[in-house]
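Student: Below you'll find the structure I mean.
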Amino acid sequence: MTDSPPDCTCRADPNAACADWCGRDPKDGHVIGLFFDPPMAIARVGRSPEPMDAYRWEIDENPHRGVQTRIVPAPSLHLESVSGDGHWPHRLVVATPDRITFKDRKGRVRPVAPFFELWARVQDPDGSLVNVPVTPLFLKARKAKLADLVFTVDAGNRKAQSRTKLASCAAVAHVSFAADSYRPHRLDAISPRTRDQVPLVRPDAPLPLGSVQTFLPGNGAPDCRTRLDQIRLRFTPGKGDAFGPPDADVATASPRPPGDFEPAVTEYGLNHRMTRPENRILSPATPWSGFNFRTGGTPKWPTPQDSYDGAREGSGDGWGTIDDTCDLILQAALTLDGRVFRASARAFAGPPDFAPDRRPMYSIRDELDDRELPPPEPDPETTPDEILDLFRRIFETASLVNLDQRRAWALAGNAGILGASDTEDPAWDDGLSPKLGPKSMRAGDAPYAELTPDYTPELGDARISAPAGSGRLPFTQVVQQVHARMADSLILREFLARRPSRVRRIVRPPFARLADLPRRVGVQKPAAVPVGKWDLSPKKRGTPRTPDPDPPRYRDPRDVMDQTYDMRMPPYMRHSMGVPLSITRRQYDLLMAYLDRLETDPSWRADPKPSAAQDDDE
Amino acid sequence: MSEPPRPLNRAAYPEPVLGNPVSTLMESGVGNCYPGLEFDLRQLDTRFFPGLTFDFLGIEPSGPDGTQGAHLINADASSDPTFQQDCPWIAALRRQLNGPEGAALGSGNWYLHWVEQQGKRIELYDFDVFQNATYLVPYEGETCWWIIRSIEADPDESTADLTIALSQRDANGQPTGTPVVLHGKRRRYLDEAGMIPEVYRPGELTASMCSPWTHDFRDCACQYWAANHPDIVLGPVHGYALEDGTSRDDATQAVTFLDWMRRRGTAPAVMAEATLERSRPDAYDPYEINLRWQELDFVLQGEETDGTPDPKPKPKPKLKSEPDPNEQHRPTYPSVEAAMADLREELAPLEFTLSMVYLYALLSLRAPEEVTAEEHQTWHSLAEDLAAARQSLLAVAVSEMTHLRWVNQMLWTLGRAGFDTKHPYKPVVRPLPQPAAGALPDDLHARVRMLRPASPTTLEDFVDIERPAEAVDTEYAGLVEYLRHKEFPAGLHELAVRIDSDGLQHYQRFRSVATSLSRYAREPRLYLRPIVLADASDASLMPALDLLDRIVKATENGYEAEFRDDMPAAEAAILEAREAMRAFQIEAERLARDEGKGIPFFARWKASDRAP
């Protein structure tokens, strides 16, 4: 390793776009701060020792499949043992696999183990700020060593604690190591406790929440596309195993459908092992074993409260099981001239993404945006693409939904909420619109239902759409057919432009923001959706709008009728808080703004320019 | 044209850092994720107000006892990094929490009473009136959570815009004593680096998830979220795949939904059911899932698979009936005028014709309710097979009508873009011309234009017409290639892509219908109505043919209006066409069922093929 400024190899590639820091002298710039990229990442459990390779989303250009998202292999980082015997320290090498496989040869799921890159923000003498990778040369230029960079990782599984409200039922791990410590650092968690408490996880049998590792910086000239000399951390999650006390071995399962409870005596279910023998390491004598949400006096948060093994059978006593998932905070602390610079990132260990080319229409990112960003404003450059992407994601989610099951379940739930004794009676919801019983999404559900009854004339007003064993899912078939085409830009735009009132009617509004709720529920209605807010006025040559005498209103979480399931989009789907799902307020407002523009502004309806012209504009 | 084809769209997908799959991104996780996926975003709201932590308590098993609601866990300015910031409202809130208000909150049970933002005060209590007195009933925790979730982030960090009040309760759940009123702001849930701030301790954001994670992954009545946890899938392809990735050799693979949560081993290919209850016996049990979840299949493009396609697949042996892909001749157009002429003279009439031909075949099938009790005793699945076949045929017929619209849309979009000014756009809603006398039996127009009952031969012919790499398919594949060039409006070729990919689905549906009805091949009367193509002069057909005229006219008017960018007129015309279609369907069903008459769909077009 020399002290001379590196020459980036990507400069030799005429097709490569070098980063603005590429080839920069690592000595340059005054350090302002450190950060990790990404600031948050999801890890996904799996029992395979081989982590999942990298893959990207891209548009499938195969005309036989239609326009849809697919995944393709991407440059992946593989570990290469320096000694050649598989042992640490490891360097990272870049390789793009021919194909992505989700399980190893033994059928074990490959875990997703995210990397976190360490970056510094530096200021140049002209005042400009640049982000540069933290590398050994960067450290050396500032008279620091790898040992001056210390990582600290704190991981926790507090699932049992959140029910019992005892920290002695948590499992927490803490590791701290310098950047020149290349071994995998195991996140072995134990339960914090005071002298009189029994720890759920004992120090002699810790809970393995995974590991974190850093790597020997790569040799050779850096390339801004890979930058293998950059310092990285990797979190490898646990295997996804269940752990329990010694008696959490075999249990009788409820044979009832999901969400139902077995009567107090369980007789007819099958017996299953619930943990591996080697995972029965938890203390039996804690309040988590035998925890029962049905007994009075136990805390009624988090909800739903029946979300632990044992809740559904017999008296509902828990088996005292937890798993090896967690969420964690990674920290880097770099000491330069006595001053400490810190960076933090979060990781979450979740289940595998079993359909990785199907994206959620309402993702974690959407939820965070909805909470943090200001209200959206329509922009001709970005809004059409954003709405198209939303509809593509809607199709991707809808394509794997069993809508017939969801409908049957939701309509039965409506009958329960509103006190109808016969869930199959097509008339029980007489006088209500949209329909909440067997007429939902049928001809009698006009003006909400329109297309589906036309597509399924054989189907009567039935809650259950097909006989057992028929393999038919009529509603599912229709939703796939209809939403596949909405993934195309021209079809979507034309539909939204021609039928804005229809779209306003059939998309379920989100709940109102606080300031738009009435002071008391049922006395006044929540605010109406401001249809026309983004109109182009006729004075500016806008197309006069069709008046909408009954614009939609935002929903009120206190109003029971806003908690019933109807066919408005997304039909019958459930939010995690047990009420009908809508797209986020931000997505909804952007869609409504787009409709205003399409309806009144001819320039928004104009055909897209040829891409040659677009290229010229750019 | 020598320009390279352009990508299908300009929308950008988010990119993870080097080495990470996209499944590490927040975009890959479900936002509505309780209780079993990545983490629980609801936990953010437990610390919505700086310095305070809440639980959103639900109802006791014995019923509401006044303890439900947003319950204060602690009030502590010292452990919240927010209070390290230098800002007047933060200093004031710190003084409150370190002063009498904080002291009061330090003992007893406190509940959130109301929240106020932008002048709107919302109480976390419902109200009841009894003998002219108003009683407050605490909302349960989830309703309280929604109210808190609806508080907005205020971009102005310098002033307090949120006021909250906490109060204690008497034994009946009624607020009592003097409320503590605090002024502050809703917490920002992302810091400047884009991370959920460290005030949320490690383990806190997953604390409310189910334990173990597999519990709810199997057991949630919400059926979860299909993007990460599919409800229904297509089975894996064994053997060779068609261009769309579905099975070439198994007619059921592409049209049979499997229950993804089915127990592998003993229920390897169980079809999905229309209710949760019916799916239950073949699904993994609770506990069983804990050790067997890795058996669940990954799913790409809706099909179970072990990974992405092999980049160098083995060449597949050709079936006898399959055209040699090397001999495929995709049309290339010498000029845009030629392409538009193809759309106008060939493809639009082809789509219209196919739609009518498939409708005729649909009308030849008995309706499920026509199956007699006696027949049902012998042929248990007949009514169901008819229902399935009729839905499939209708879906394909409707799909062809949609294609007709898209072909017209391609024409008017090209017309508006200034191509082929010699032929200004005129709606094309008409069938293919009648083949000339003496046309060969394999002439595409002659084959397509025949109005026939859905006999086994007819269905096989429908399969052939829609077969990949056959004439219709290659026609559109050529169009896709042509329209992707830069001089045409962006996205135009997506219409051709959609038509082409639909064609493969039609092929799969017809294969499936042919297979399911083949079991009645010896007794066609079981599924076919004895209909005969009626003569156009038959007076009883007039209402149906008039309705057909109305459909055509209204559709033309709709397309014309869209071409002129008169969307309200287009909408009115399309709705009129739909209304006429519904009336037509009733009349056509009556004629077929009660009078055995098949409608001569093309009777009102002259041999010259112009619209009536």
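For the structure tokens, the naming scheme is as follows: chains receive sequential letters (A, B, ...) according to their order of presentation, residues are indexed from 1 within each chain, and ligands are indexed from 1 in presentation order.
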So which residues touch A:Leu336 within 10 Å, counting only C-alpha atoms, skipping near sequence neighbours fewer than 5 positions away, as a tab-separated table (two decimals) with N, CA and C atoms, in the first residue's frame?

Tutor:
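Result saved to part-v3.tsv:
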chain	number	residue	atom	x	y	z
A	31	VAL	N	-12.52	16.34	7.80
A	31	VAL	CA	-13.63	15.43	8.14
A	31	VAL	C	-14.71	16.17	8.93
A	139	LEU	N	-7.59	6.67	6.33
A	139	LEU	CA	-7.21	6.72	7.74
A	139	LEU	C	-5.74	7.13	7.88
A	142	ARG	N	-4.82	10.58	7.69
A	142	ARG	CA	-5.19	11.37	8.87
A	142	ARG	C	-4.52	10.83	10.13
A	143	LYS	N	-3.44	10.10	9.88
A	143	LYS	CA	-2.61	9.57	10.96
A	143	LYS	C	-3.40	8.66	11.90
A	144	ALA	N	-4.34	7.96	11.32
A	144	ALA	CA	-5.12	7.01	12.13
A	144	ALA	C	-4.87	5.60	11.61
A	145	LYS	N	-5.12	4.63	12.47
A	145	LYS	CA	-4.97	3.23	12.09
A	145	LYS	C	-6.35	2.59	12.10
A	148	ASP	N	-8.01	2.53	15.32
A	148	ASP	CA	-8.67	3.72	15.84
A	148	ASP	C	-10.15	3.78	15.44
A	149	LEU	N	-10.54	2.84	14.64
A	149	LEU	CA	-11.94	2.76	14.22
A	149	LEU	C	-12.57	1.57	14.95
A	341	PHE	N	-15.69	10.69	15.85
A	341	PHE	CA	-16.75	10.80	14.85
A	341	PHE	C	-17.55	9.50	14.88

Student: Show me, as a PyMOL selection string, the residues that have an atom within 10 Å of B:Asp259 when counting only C-alpha atoms, minus same-chain residues fewer than 4 positions from it.

Tutor: (chain A and resi 402) or (chain B and resi 230-235+263+267-273+279+282-283)

Student: Counting only C-alpha atoms, figure out which residue out of B:Arg47, B:Arg550, B:Lys486, B:Arg467 gets nearest to chain A.

Tutor: B:Lys486

Student: Residues of stretch 326-361 of chain B within 12 Å of stretch 520-544 of chain B: nearest atom pair and distance (Å, one decimal) for each, counting only C-alpha atoms, sorted by chain and number, as JSON lines?

Tutor:
{"residue": "B:Val357", "atom": "CA", "partner": "B:Leu533", "partner_atom": "CA", "distance": 11.9}
{"residue": "B:Tyr360", "atom": "CA", "partner": "B:Leu533", "partner_atom": "CA", "distance": 9.4}
{"residue": "B:Ala361", "atom": "CA", "partner": "B:Leu528", "partner_atom": "CA", "distance": 9.4}

Student: Quick one: everything within 10 Å of B:Phe217, counting only C-alpha atoms, minus sequence neighbours fewer than 6 positions away in the same chain. Send it as a CSV table (one decimal) with C-alpha atoms, in the first residue's frame.

Tutor:
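Final output, saved to out_16.csv:
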chain,number,residue,atom,x,y,z
A,307,SER,CA,-49.3,-13.8,18.5
A,351,PRO,CA,-38.4,-13.6,7.2
B,35,PRO,CA,-47.0,-8.9,13.2
B,36,GLY,CA,-44.6,-11.1,11.3
B,37,LEU,CA,-42.5,-9.5,8.6
B,210,CYS,CA,-45.0,-12.6,16.9
B,223,GLN,CA,-53.5,-13.7,5.1
B,224,TYR,CA,-50.5,-11.5,5.3
B,225,TRP,CA,-49.1,-9.7,2.3
B,229,HIS,CA,-45.8,-14.2,1.4
B,261,MET,CA,-49.0,-22.5,2.3
B,286,PRO,CA,-49.0,-24.3,13.8
B,289,ILE,CA,-44.2,-24.5,10.4
B,290,ASN,CA,-41.5,-23.8,12.9
B,293,TRP,CA,-40.8,-23.2,6.8

Student: Quick check for you: according to DSSP on this backbone, which residues of stretch 40-82 of chain B are classed as strand (DSSP E)? Reply as a PyMOL selection string.

Tutor: chain B and resi 52-57+69-75

Student: For B:Val463, find every residue with an atom within 12 Å (counting only C-alpha atoms), except residues of its own chain fewer than 2 positions away, and show them as an mmCIF file with N, CA and C atoms, in the first residue's frame.

Tutor:
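What follows is the written file around.cif:
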data_model
loop_
_atom_site.group_PDB
_atom_site.id
_atom_site.type_symbol
_atom_site.label_atom_id
_atom_site.label_comp_id
_atom_site.auth_asym_id
_atom_site.auth_seq_id
_atom_site.Cartn_x
_atom_site.Cartn_y
_atom_site.Cartn_z
ATOM 1 N N ALA B 251 -51.017 -28.721 -19.661
ATOM 2 C CA ALA B 251 -52.050 -27.724 -19.965
ATOM 3 C C ALA B 251 -52.633 -27.083 -18.711
ATOM 4 N N SER B 321 -46.433 -30.244 -33.573
ATOM 5 C CA SER B 321 -47.375 -29.205 -33.987
ATOM 6 C C SER B 321 -46.778 -27.802 -33.896
ATOM 7 N N GLU B 322 -45.561 -27.737 -33.426
ATOM 8 C CA GLU B 322 -45.002 -26.410 -33.148
ATOM 9 C C GLU B 322 -44.228 -25.890 -34.362
ATOM 10 N N TYR B 358 -65.323 -15.948 -30.437
ATOM 11 C CA TYR B 358 -65.261 -16.546 -29.101
ATOM 12 C C TYR B 358 -66.592 -16.362 -28.359
ATOM 13 N N LEU B 393 -63.918 -18.432 -21.562
ATOM 14 C CA LEU B 393 -64.245 -17.954 -22.907
ATOM 15 C C LEU B 393 -64.649 -16.479 -22.879
ATOM 16 N N VAL B 396 -61.606 -14.301 -22.459
ATOM 17 C CA VAL B 396 -60.820 -14.152 -23.682
ATOM 18 C C VAL B 396 -61.552 -13.243 -24.674
ATOM 19 N N VAL B 448 -60.306 -18.031 -38.926
ATOM 20 C CA VAL B 448 -60.689 -17.190 -37.789
ATOM 21 C C VAL B 448 -62.146 -16.787 -37.864
ATOM 22 N N ALA B 454 -68.602 -24.523 -29.523
ATOM 23 C CA ALA B 454 -67.333 -24.858 -28.861
ATOM 24 C C ALA B 454 -67.113 -26.371 -28.811
ATOM 25 N N PRO B 456 -64.991 -29.930 -29.553
ATOM 26 C CA PRO B 456 -63.565 -30.210 -29.355
ATOM 27 C C PRO B 456 -62.711 -29.698 -30.517
ATOM 28 N N THR B 457 -63.203 -29.869 -31.741
ATOM 29 C CA THR B 457 -62.424 -29.414 -32.895
ATOM 30 C C THR B 457 -62.250 -27.902 -32.864
ATOM 31 N N THR B 458 -63.349 -27.225 -32.552
ATOM 32 C CA THR B 458 -63.275 -25.757 -32.498
ATOM 33 C C THR B 458 -62.266 -25.315 -31.443
ATOM 34 N N LEU B 459 -62.355 -25.929 -30.263
ATOM 35 C CA LEU B 459 -61.459 -25.508 -29.187
ATOM 36 C C LEU B 459 -60.004 -25.767 -29.566
ATOM 37 N N GLU B 460 -59.761 -26.898 -30.225
ATOM 38 C CA GLU B 460 -58.393 -27.174 -30.666
ATOM 39 C C GLU B 460 -57.932 -26.110 -31.654
ATOM 40 N N ASP B 461 -58.854 -25.679 -32.481
ATOM 41 C CA ASP B 461 -58.497 -24.657 -33.460
ATOM 42 C C ASP B 461 -58.216 -23.317 -32.762
ATOM 43 N N ILE B 465 -54.878 -21.129 -32.992
ATOM 44 C CA ILE B 465 -54.849 -19.716 -33.396
ATOM 45 C C ILE B 465 -54.027 -18.896 -32.405
ATOM 46 N N GLU B 466 -54.179 -19.205 -31.119
ATOM 47 C CA GLU B 466 -53.503 -18.416 -30.081
ATOM 48 C C GLU B 466 -52.127 -18.983 -29.724
ATOM 49 N N ARG B 467 -51.758 -20.090 -30.356
ATOM 50 C CA ARG B 467 -50.498 -20.740 -29.985
ATOM 51 C C ARG B 467 -49.305 -19.801 -30.193
ATOM 52 N N PRO B 468 -48.374 -19.800 -29.210
ATOM 53 C CA PRO B 468 -47.188 -18.967 -29.388
ATOM 54 C C PRO B 468 -46.445 -19.323 -30.667
ATOM 55 N N GLU B 470 -47.336 -18.748 -33.481
ATOM 56 C CA GLU B 470 -48.236 -18.825 -34.621
ATOM 57 C C GLU B 470 -48.445 -17.408 -35.179
ATOM 58 N N VAL B 472 -50.717 -15.010 -35.173
ATOM 59 C CA VAL B 472 -51.147 -13.852 -34.397
ATOM 60 C C VAL B 472 -50.015 -13.389 -33.478
ATOM 61 N N GLY B 503 -52.075 -12.990 -25.468
ATOM 62 C CA GLY B 503 -52.292 -14.093 -26.403
ATOM 63 C C GLY B 503 -51.843 -15.413 -25.808
ATOM 64 N N LEU B 504 -50.723 -15.384 -25.088
ATOM 65 C CA LEU B 504 -50.250 -16.611 -24.457
ATOM 66 C C LEU B 504 -51.203 -17.087 -23.375
ATOM 67 N N GLN B 505 -51.792 -16.114 -22.676
ATOM 68 C CA GLN B 505 -52.774 -16.514 -21.656
ATOM 69 C C GLN B 505 -54.018 -17.100 -22.313
ATOM 70 N N HIS B 506 -54.403 -16.527 -23.449
ATOM 71 C CA HIS B 506 -55.557 -17.093 -24.171
ATOM 72 C C HIS B 506 -55.255 -18.534 -24.567
ATOM 73 N N TYR B 507 -54.056 -18.725 -25.059
ATOM 74 C CA TYR B 507 -53.639 -20.071 -25.469
ATOM 75 C C TYR B 507 -53.771 -21.037 -24.297
ATOM 76 N N GLN B 508 -53.261 -20.601 -23.125
ATOM 77 C CA GLN B 508 -53.300 -21.488 -21.959
ATOM 78 C C GLN B 508 -54.749 -21.723 -21.511
ATOM 79 N N ARG B 509 -55.557 -20.695 -21.599
ATOM 80 C CA ARG B 509 -56.951 -20.872 -21.169
ATOM 81 C C ARG B 509 -57.698 -21.815 -22.099
ATOM 82 N N PHE B 510 -57.495 -21.652 -23.381
ATOM 83 C CA PHE B 510 -58.187 -22.546 -24.320
ATOM 84 C C PHE B 510 -57.713 -23.988 -24.141
ATOM 85 N N ARG B 511 -56.408 -24.152 -23.915
ATOM 86 C CA ARG B 511 -55.909 -25.520 -23.673
ATOM 87 C C ARG B 511 -56.615 -26.135 -22.475
ATOM 88 N N SER B 512 -56.773 -25.314 -21.444
ATOM 89 C CA SER B 512 -57.391 -25.828 -20.221
ATOM 90 C C SER B 512 -58.871 -26.141 -20.452
ATOM 91 N N VAL B 513 -59.586 -25.253 -21.177
ATOM 92 C CA VAL B 513 -61.007 -25.495 -21.446
ATOM 93 C C VAL B 513 -61.155 -26.761 -22.291
ATOM 94 N N ALA B 514 -60.303 -26.893 -23.304
ATOM 95 C CA ALA B 514 -60.367 -28.070 -24.170
ATOM 96 C C ALA B 514 -60.154 -29.331 -23.335
ATOM 97 N N THR B 515 -59.219 -29.264 -22.400
ATOM 98 C CA THR B 515 -58.940 -30.442 -21.576
ATOM 99 C C THR B 515 -60.125 -30.761 -20.675
#

Student: List as a list in words the protein and nucleic acid residues near A:Arg11, meaning an atom at most 9 Å away when only C-alpha atoms are counted, but skip any in the same chain fewer than 5 places from it.

Tutor: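 After dropping sequence-adjacent residues, the list is Ala16, Ala17, Cys18, Cys22, Gly23 and Asp223 of chain A.
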